[in-house]
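**Student:** Dropping in entry.csv, with CSV, C-alpha atoms.
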```csv
chain,number,residue,atom,x,y,z
A,1294,MET,CA,-25.9,102.4,-119.5
A,1295,VAL,CA,-25.7,98.7,-118.9
A,1296,ASN,CA,-28.7,96.7,-119.9
A,1297,VAL,CA,-29.7,95.1,-116.6
A,1298,SER,CA,-33.2,93.7,-116.0
A,1299,VAL,CA,-34.8,94.1,-112.6
A,1300,GLY,CA,-38.0,92.3,-113.5
A,1301,ASP,CA,-41.5,93.1,-112.1
A,1302,GLU,CA,-40.9,92.1,-108.5
A,1303,ASP,CA,-41.4,94.9,-105.9
A,1304,TYR,CA,-38.1,94.4,-104.1
A,1305,VAL,CA,-38.3,97.6,-102.2
A,1306,SER,CA,-41.6,96.6,-100.6
A,1307,ILE,CA,-40.2,93.2,-99.8
A,1308,LEU,CA,-37.4,94.9,-97.9
A,1309,ASN,CA,-39.8,97.2,-96.1
A,1310,TYR,CA,-41.7,94.1,-95.0
A,1311,PHE,CA,-38.4,92.5,-93.8
A,1312,ARG,CA,-37.6,95.6,-91.8
A,1313,GLN,CA,-41.0,95.7,-90.2
A,1314,CYS,CA,-40.4,92.1,-89.0
A,1315,ASN,CA,-37.0,93.0,-87.7
A,1316,PRO,CA,-37.1,96.4,-85.8
A,1317,GLY,CA,-33.3,96.2,-85.2
A,1318,VAL,CA,-32.6,96.4,-89.0
A,1319,THR,CA,-31.9,99.7,-90.7
A,1320,MET,CA,-31.6,100.3,-94.5
A,1321,THR,CA,-30.3,103.4,-96.3
A,1322,TYR,CA,-29.9,104.1,-100.0
A,1323,THR,CA,-27.0,106.1,-101.4
A,1324,ASP,CA,-27.8,107.4,-104.9
A,1325,GLY,CA,-25.3,108.5,-107.5
A,1326,HIS,CA,-25.9,110.9,-110.4
A,1327,ILE,CA,-24.0,110.7,-113.6
A,1328,PRO,CA,-24.4,113.6,-116.1
A,1329,SER,CA,-25.0,112.1,-119.5
A,1330,ILE,CA,-26.5,113.0,-122.9
A,1331,PRO,CA,-29.4,113.0,-123.7
A,1332,THR,CA,-30.5,112.1,-120.1
A,1333,PRO,CA,-28.6,111.7,-116.8
A,1334,LEU,CA,-28.0,108.2,-115.4
A,1335,PHE,CA,-28.4,107.0,-111.8
A,1336,THR,CA,-26.7,104.4,-109.6
A,1337,SER,CA,-27.7,103.3,-106.1
A,1338,THR,CA,-26.3,101.2,-103.3
A,1339,LEU,CA,-28.2,99.9,-100.3
A,1340,ASN,CA,-26.6,99.7,-96.9
A,1341,LEU,CA,-28.2,97.0,-94.6
A,1342,HIS,CA,-27.3,97.2,-90.9
A,1343,SER,CA,-28.2,94.6,-88.4
A,1344,THR,CA,-26.0,93.8,-85.4
A,1345,HIS,CA,-27.0,90.1,-85.7
A,1346,ILE,CA,-25.7,90.0,-89.3
A,1347,ASP,CA,-22.6,92.2,-88.9
A,1348,GLU,CA,-21.2,95.0,-86.8
A,1349,SER,CA,-20.9,97.2,-89.9
A,1350,PRO,CA,-23.4,97.7,-92.7
A,1351,VAL,CA,-23.5,95.3,-95.6
A,1352,THR,CA,-23.6,96.9,-99.0
A,1353,PHE,CA,-25.6,95.9,-102.1
A,1354,PRO,CA,-24.3,95.7,-104.8
A,1355,SER,CA,-20.7,95.2,-103.9
A,1356,ALA,CA,-17.7,92.9,-104.7
A,1357,THR,CA,-18.6,90.9,-101.6
A,1358,THR,CA,-22.3,90.5,-102.0
A,1359,CYS,CA,-22.3,90.5,-105.9
A,1360,GLY,CA,-24.4,92.5,-108.3
A,1361,LEU,CA,-21.6,94.6,-109.8
A,1362,VAL,CA,-21.3,94.8,-113.6
A,1363,ASN,CA,-17.8,95.2,-114.9
A,1364,GLY,CA,-16.7,96.1,-111.4
A,1365,SER,CA,-19.2,98.9,-110.9
A,1366,SER,CA,-22.8,99.5,-109.9
A,1367,PRO,CA,-24.9,99.5,-113.1
A,1368,CYS,CA,-26.4,102.7,-114.3
A,1369,PHE,CA,-30.1,103.3,-114.9
A,1370,SER,CA,-32.1,106.1,-116.6
A,1371,ARG,CA,-34.4,106.3,-113.5
A,1372,LYS,CA,-33.4,106.6,-109.9
A,1373,LYS,CA,-36.2,104.2,-108.8
A,1374,GLU,CA,-34.8,101.6,-111.1
A,1375,ALA,CA,-31.4,101.9,-109.6
A,1376,GLN,CA,-32.8,101.6,-106.1
A,1377,LYS,CA,-34.8,98.6,-107.2
A,1378,TYR,CA,-31.7,96.9,-108.5
A,1379,ALA,CA,-29.9,97.5,-105.2
A,1380,ALA,CA,-33.0,96.1,-103.3
A,1381,GLN,CA,-33.1,93.1,-105.6
A,1382,GLN,CA,-29.5,92.2,-104.7
A,1383,CYS,CA,-30.3,92.6,-101.0
A,1384,VAL,CA,-33.4,90.4,-101.2
A,1385,GLU,CA,-31.6,87.6,-103.1
A,1386,TRP,CA,-28.7,87.7,-100.6
A,1387,LEU,CA,-31.1,87.6,-97.6
A,1388,GLY,CA,-32.8,84.6,-99.2
A,1389,ALA,CA,-29.5,82.8,-99.7
A,1390,GLN,CA,-28.6,83.4,-96.1
A,1391,GLY,CA,-32.0,82.2,-94.8
A,1392,TYR,CA,-33.2,85.5,-93.5
A,1393,LEU,CA,-36.0,85.6,-96.1
A,1394,VAL,CA,-37.9,82.5,-97.1
A,1395,PRO,CA,-40.1,82.3,-100.3
A,1396,SER,CA,-43.7,81.5,-99.4
A,1397,ALA,CA,-47.0,81.6,-101.3
A,1398,SER,CA,-48.8,82.7,-98.2
A,1399,GLY,CA,-46.3,85.3,-97.0
A,1400,SER,CA,-46.3,89.1,-97.6
A,1401,HIS,CA,-45.0,89.8,-101.1
A,1402,GLY,CA,-44.3,86.1,-101.6
A,1403,TYR,CA,-41.9,85.9,-98.6
A,1404,THR,CA,-41.9,85.1,-94.9
A,1405,VAL,CA,-39.4,86.1,-92.3
A,1406,PRO,CA,-38.2,83.3,-89.9
A,1407,LYS,CA,-38.7,84.2,-86.2
A,1408,GLY,CA,-35.7,86.0,-84.8
A,1409,SER,CA,-34.0,86.0,-88.2
A,1410,ALA,CA,-31.9,89.1,-88.2
A,1411,GLY,CA,-32.9,91.3,-85.3
A,1412,SER,CA,-31.6,89.5,-82.3
A,1413,GLY,CA,-30.2,86.2,-83.3
A,1414,ALA,CA,-31.7,82.8,-84.1
A,1415,GLN,CA,-33.7,81.4,-81.2
A,1416,ASP,CA,-36.1,78.6,-80.6
A,1417,GLU,CA,-39.6,79.0,-79.3
A,1418,GLY,CA,-38.2,79.1,-75.7
A,1419,GLY,CA,-35.9,82.0,-76.6
A,1420,VAL,CA,-32.8,79.9,-76.3
A,1421,SER,CA,-30.1,80.8,-78.9
A,1422,THR,CA,-27.9,78.2,-80.6
A,1423,PRO,CA,-24.7,79.2,-78.6
A,1424,GLN,CA,-26.7,78.8,-75.4
A,1425,LYS,CA,-27.8,75.4,-76.5
A,1426,VAL,CA,-24.2,74.5,-77.1
A,1427,GLU,CA,-23.3,75.6,-73.5
A,1428,GLN,CA,-26.2,73.7,-72.0
A,1429,LEU,CA,-25.4,70.5,-73.8
A,1430,CYS,CA,-21.7,70.8,-73.0
A,1431,ARG,CA,-22.5,70.9,-69.3
A,1432,GLN,CA,-24.8,68.0,-69.6
A,1433,LEU,CA,-22.2,65.9,-71.4
A,1434,ASN,CA,-19.3,67.2,-69.2
A,1435,ILE,CA,-17.5,68.5,-72.3
A,1436,ALA,CA,-15.5,71.8,-72.3
A,1437,VAL,CA,-17.5,74.6,-73.9
A,1438,PRO,CA,-15.7,75.5,-77.1
A,1439,ARG,CA,-14.1,78.8,-77.7
A,1440,TYR,CA,-15.1,80.7,-80.9
A,1441,GLU,CA,-11.9,81.7,-82.6
A,1442,MET,CA,-12.8,84.0,-85.5
A,1443,GLN,CA,-10.7,86.0,-88.0
A,1444,GLN,CA,-11.8,88.8,-90.3
A,1445,LEU,CA,-10.9,88.5,-93.9
A,1446,ASP,CA,-10.5,91.3,-96.4
A,1447,GLY,CA,-13.9,92.2,-97.9
A,1448,VAL,CA,-15.6,95.0,-99.7
A,1449,GLY,CA,-19.1,96.2,-98.8
A,1450,GLY,CA,-19.2,93.9,-95.8
A,1451,SER,CA,-16.8,91.9,-93.7
A,1452,LEU,CA,-16.0,88.3,-94.4
A,1453,TRP,CA,-15.1,86.0,-91.5
A,1454,SER,CA,-13.6,82.6,-91.0
A,1455,GLY,CA,-13.7,80.7,-87.7
A,1456,GLU,CA,-12.7,77.5,-85.9
A,1457,LEU,CA,-13.8,76.0,-82.6
A,1458,ASP,CA,-11.2,75.3,-79.9
A,1459,TRP,CA,-12.6,72.5,-77.7
A,1460,GLY,CA,-9.7,72.7,-75.3
A,1461,ARG,CA,-9.1,69.5,-73.2
A,1462,ASP,CA,-11.8,67.7,-75.2
A,1463,GLN,CA,-10.4,68.4,-78.7
A,1464,GLY,CA,-9.9,64.7,-79.1
A,1465,LEU,CA,-13.6,63.9,-78.6
A,1466,VAL,CA,-14.7,65.7,-81.8
A,1467,PRO,CA,-13.8,65.1,-85.4
A,1468,GLU,CA,-11.0,67.2,-86.8
A,1469,GLY,CA,-12.3,70.4,-88.3
A,1470,SER,CA,-15.6,70.4,-86.4
A,1471,GLY,CA,-17.0,73.9,-86.3
A,1472,ARG,CA,-14.7,75.3,-89.0
A,1473,VAL,CA,-16.4,77.8,-91.3
A,1474,ASP,CA,-15.0,80.0,-94.0
A,1475,LYS,CA,-15.9,83.2,-95.8
A,1476,VAL,CA,-19.1,84.0,-93.8
A,1477,LEU,CA,-20.5,87.5,-94.3
A,1478,GLY,CA,-20.7,89.0,-90.8
A,1479,LYS,CA,-19.1,88.2,-87.5
A,1480,LYS,CA,-22.3,87.2,-85.7
A,1481,ALA,CA,-23.4,85.1,-88.6
A,1482,CYS,CA,-20.1,83.4,-88.5
A,1483,ARG,CA,-20.5,82.7,-84.8
A,1484,GLU,CA,-24.0,81.4,-85.4
A,1485,GLN,CA,-22.8,79.0,-88.1
A,1486,MET,CA,-20.0,77.7,-85.8
A,1487,ALA,CA,-22.5,77.2,-83.0
A,1488,MET,CA,-24.8,75.2,-85.3
A,1489,GLU,CA,-21.8,73.0,-86.3
A,1490,ALA,CA,-20.9,72.5,-82.6
A,1491,LEU,CA,-24.5,71.6,-81.7
A,1492,ALA,CA,-24.6,68.9,-84.4
A,1493,VAL,CA,-21.3,67.4,-83.0
A,1494,LEU,CA,-22.6,67.5,-79.4
A,1495,GLN,CA,-25.9,65.9,-80.4
A,1496,ARG,CA,-24.1,63.1,-82.2
A,1497,ILE,CA,-22.0,62.5,-79.1
A,1498,GLU,CA,-25.1,62.5,-77.0
A,1499,ARG,CA,-26.8,59.9,-79.2
A,1500,GLU,CA,-23.6,57.7,-79.2
A,1501,ARG,CA,-23.5,57.8,-75.4
A,1502,GLU,CA,-27.2,56.9,-75.1
A,1503,ALA,CA,-26.7,54.0,-77.4
A,1504,GLN,CA,-23.7,52.7,-75.4
A,1505,LEU,CA,-25.7,53.1,-72.2
A,1506,ALA,CA,-28.6,51.2,-73.7
A,1507,MET,CA,-26.3,48.4,-74.8
A,1508,VAL,CA,-24.7,48.1,-71.3
A,1509,MET,CA,-28.2,48.0,-69.7
A,1510,GLY,CA,-29.3,45.4,-72.2
A,1511,ASN,CA,-26.3,43.2,-71.5
A,1512,GLN,CA,-26.9,43.4,-67.7
A,1513,GLY,CA,-30.4,42.3,-68.2
A,1514,ASP,CA,-29.1,39.0,-69.8
A,1515,TYR,CA,-27.6,37.9,-66.5
```
Translate this file's structure into structure tokens.
**Tutor:**
Amino acid sequence: MVNVSVGDEDYVSILNYFRQCNPGVTMTYTDGHIPSIPTPLFTSTLNLHSTHIDESPVTFPSATTCGLVNGSSPCFSRKKEAQKYAAQQCVEWLGAQGYLVPSASGSHGYTVPKGSAGSGAQDEGGVSTPQKVEQLCRQLNIAVPRYEMQQLDGVGGSLWSGELDWGRDQGLVPEGSGRVDKVLGKKACREQMAMEALAVLQRIEREREAQLAMVMGNQGDY
């Protein structure tokens, strides 16, 4: 048995809260039993499935999401402790990805951002980041970029890299704009690319507004 501490935090309840806030999320534990003397040992992995995060389940612990000890899931003398460890790895990963946010006023010390993992990130008007990109592209008369994504080898969840193809307007954006690497989940990869694209478009919009203001100011001098 590996000496791994899971602390006093109720990670299983935190995940139940996360699932309640995201009806499209499913979680299942897969428990392992290892005969041992004097008492049996237990392992557990947690499969998290959300179509926004990835098309296939993301596994905790795993080589992709971390949490393995010497290349394997650690063993515990109690099944509940093994499940708690798997839940801990999941909670920490969700926090790192921005799907769970620590908060003194939230349930179990966390809050879940609106639209975090069930249906994609949206603003209060229900507009997703890729939709914002399309709208701003039309407004600026810039080609809507194509999301070129490639799946990388991964264990326990798929890793993706991506790059934006701006077509005829490639020269308008800095080289490498919208390029992301080793993102866990295809939809999460697309979302990150869209956020990069939106930042580029907003910068172009500000530059054009500044140029227009300068022209209008110069005309006022005559």
**Student:** Which residue is closest to Val1476 (chain A)? Choose from A:Gln1424, A:Gln1504, A:Thr1357, A:Ser1366 and count all atoms listed in the file.
**Tutor:**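 Going through A:Gln1424, A:Gln1504, A:Thr1357, A:Ser1366 one by one, the smallest distance to Val1476 (chain A) is for A:Thr1357.
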**Student:** List every residue of region 1344-1395 of chain A that has an atom at most 12 Å from any atom of region 1320-1337 of chain A, giving for each one its closest atom pair and the distance in Å to one decimal, counting only C-alpha atoms, sorted by chain and then by ascending residue number, as a Markdown table.
**Tutor:**
```
| residue | atom | partner | partner_atom | distance |
| --- | --- | --- | --- | --- |
| A:Pro1350 | CA | A:Met1320 | CA | 8.8 |
| A:Val1351 | CA | A:Met1320 | CA | 9.6 |
| A:Thr1352 | CA | A:Tyr1322 | CA | 9.6 |
| A:Phe1353 | CA | A:Ser1337 | CA | 8.7 |
| A:Pro1354 | CA | A:Ser1337 | CA | 8.4 |
| A:Ser1355 | CA | A:Ser1337 | CA | 10.9 |
| A:Gly1360 | CA | A:Ser1337 | CA | 11.5 |
| A:Leu1361 | CA | A:Thr1336 | CA | 11.0 |
| A:Val1362 | CA | A:Thr1336 | CA | 11.7 |
| A:Ser1365 | CA | A:Thr1336 | CA | 9.4 |
| A:Ser1366 | CA | A:Thr1336 | CA | 6.3 |
| A:Pro1367 | CA | A:Thr1336 | CA | 6.3 |
| A:Cys1368 | CA | A:Thr1336 | CA | 5.0 |
| A:Phe1369 | CA | A:Phe1335 | CA | 5.1 |
| A:Ser1370 | CA | A:Leu1334 | CA | 4.8 |
| A:Arg1371 | CA | A:Phe1335 | CA | 6.3 |
| A:Lys1372 | CA | A:Phe1335 | CA | 5.4 |
| A:Lys1373 | CA | A:Phe1335 | CA | 8.8 |
| A:Glu1374 | CA | A:Phe1335 | CA | 8.4 |
| A:Ala1375 | CA | A:Ser1337 | CA | 5.3 |
| A:Gln1376 | CA | A:Ser1337 | CA | 5.4 |
| A:Lys1377 | CA | A:Ser1337 | CA | 8.6 |
| A:Tyr1378 | CA | A:Ser1337 | CA | 7.9 |
| A:Ala1379 | CA | A:Ser1337 | CA | 6.3 |
| A:Ala1380 | CA | A:Tyr1322 | CA | 9.2 |
| A:Gln1381 | CA | A:Ser1337 | CA | 11.6 |
| A:Gln1382 | CA | A:Ser1337 | CA | 11.3 |
| A:Cys1383 | CA | A:Met1320 | CA | 10.2 |
```
**Student:** Compile the contact shell of Leu1308 (chain A) as a VMD selection string: residues with an atom at most 12 Å away, counting all atoms listed in the file, same-chain residues fewer than 5 positions apart removed.
**Tutor:** chain A and resid 1302 to 1303 1313 to 1315 1318 to 1321 1339 to 1341 1376 to 1377 1379 to 1388 1392 to 1393 1400 to 1405
**Student:** Which of these residues is nearest to Val1493 (chain A), using only C-alpha atoms: A:Asn1434, A:Ser1343, A:Ser1470, A:Ser1421?
**Tutor:**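 Ranking A:Asn1434, A:Ser1343, A:Ser1470, A:Ser1421 by distance to Val1493 (chain A), first place goes to A:Ser1470.
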**Student:** Have a look at A:Pro1438, A:Asp1474, A:Asp1458, A:Phe1311 and name the one nearest to Pro1406 (chain A); count all atoms listed in the file.
**Tutor:**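 Ranked by minimum distance to Pro1406 (chain A), first place goes to A:Phe1311.
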**Student:** Taking 5 positions as the minimum chain separation for residues in the same chain, which residues sit within 12 Å of Gly1469 (chain A) when counting all atoms listed in the file? Answer as a PyMOL selection string.
**Tutor:** chain A and resi 1455-1459+1463-1464+1474+1486+1489-1490+1493
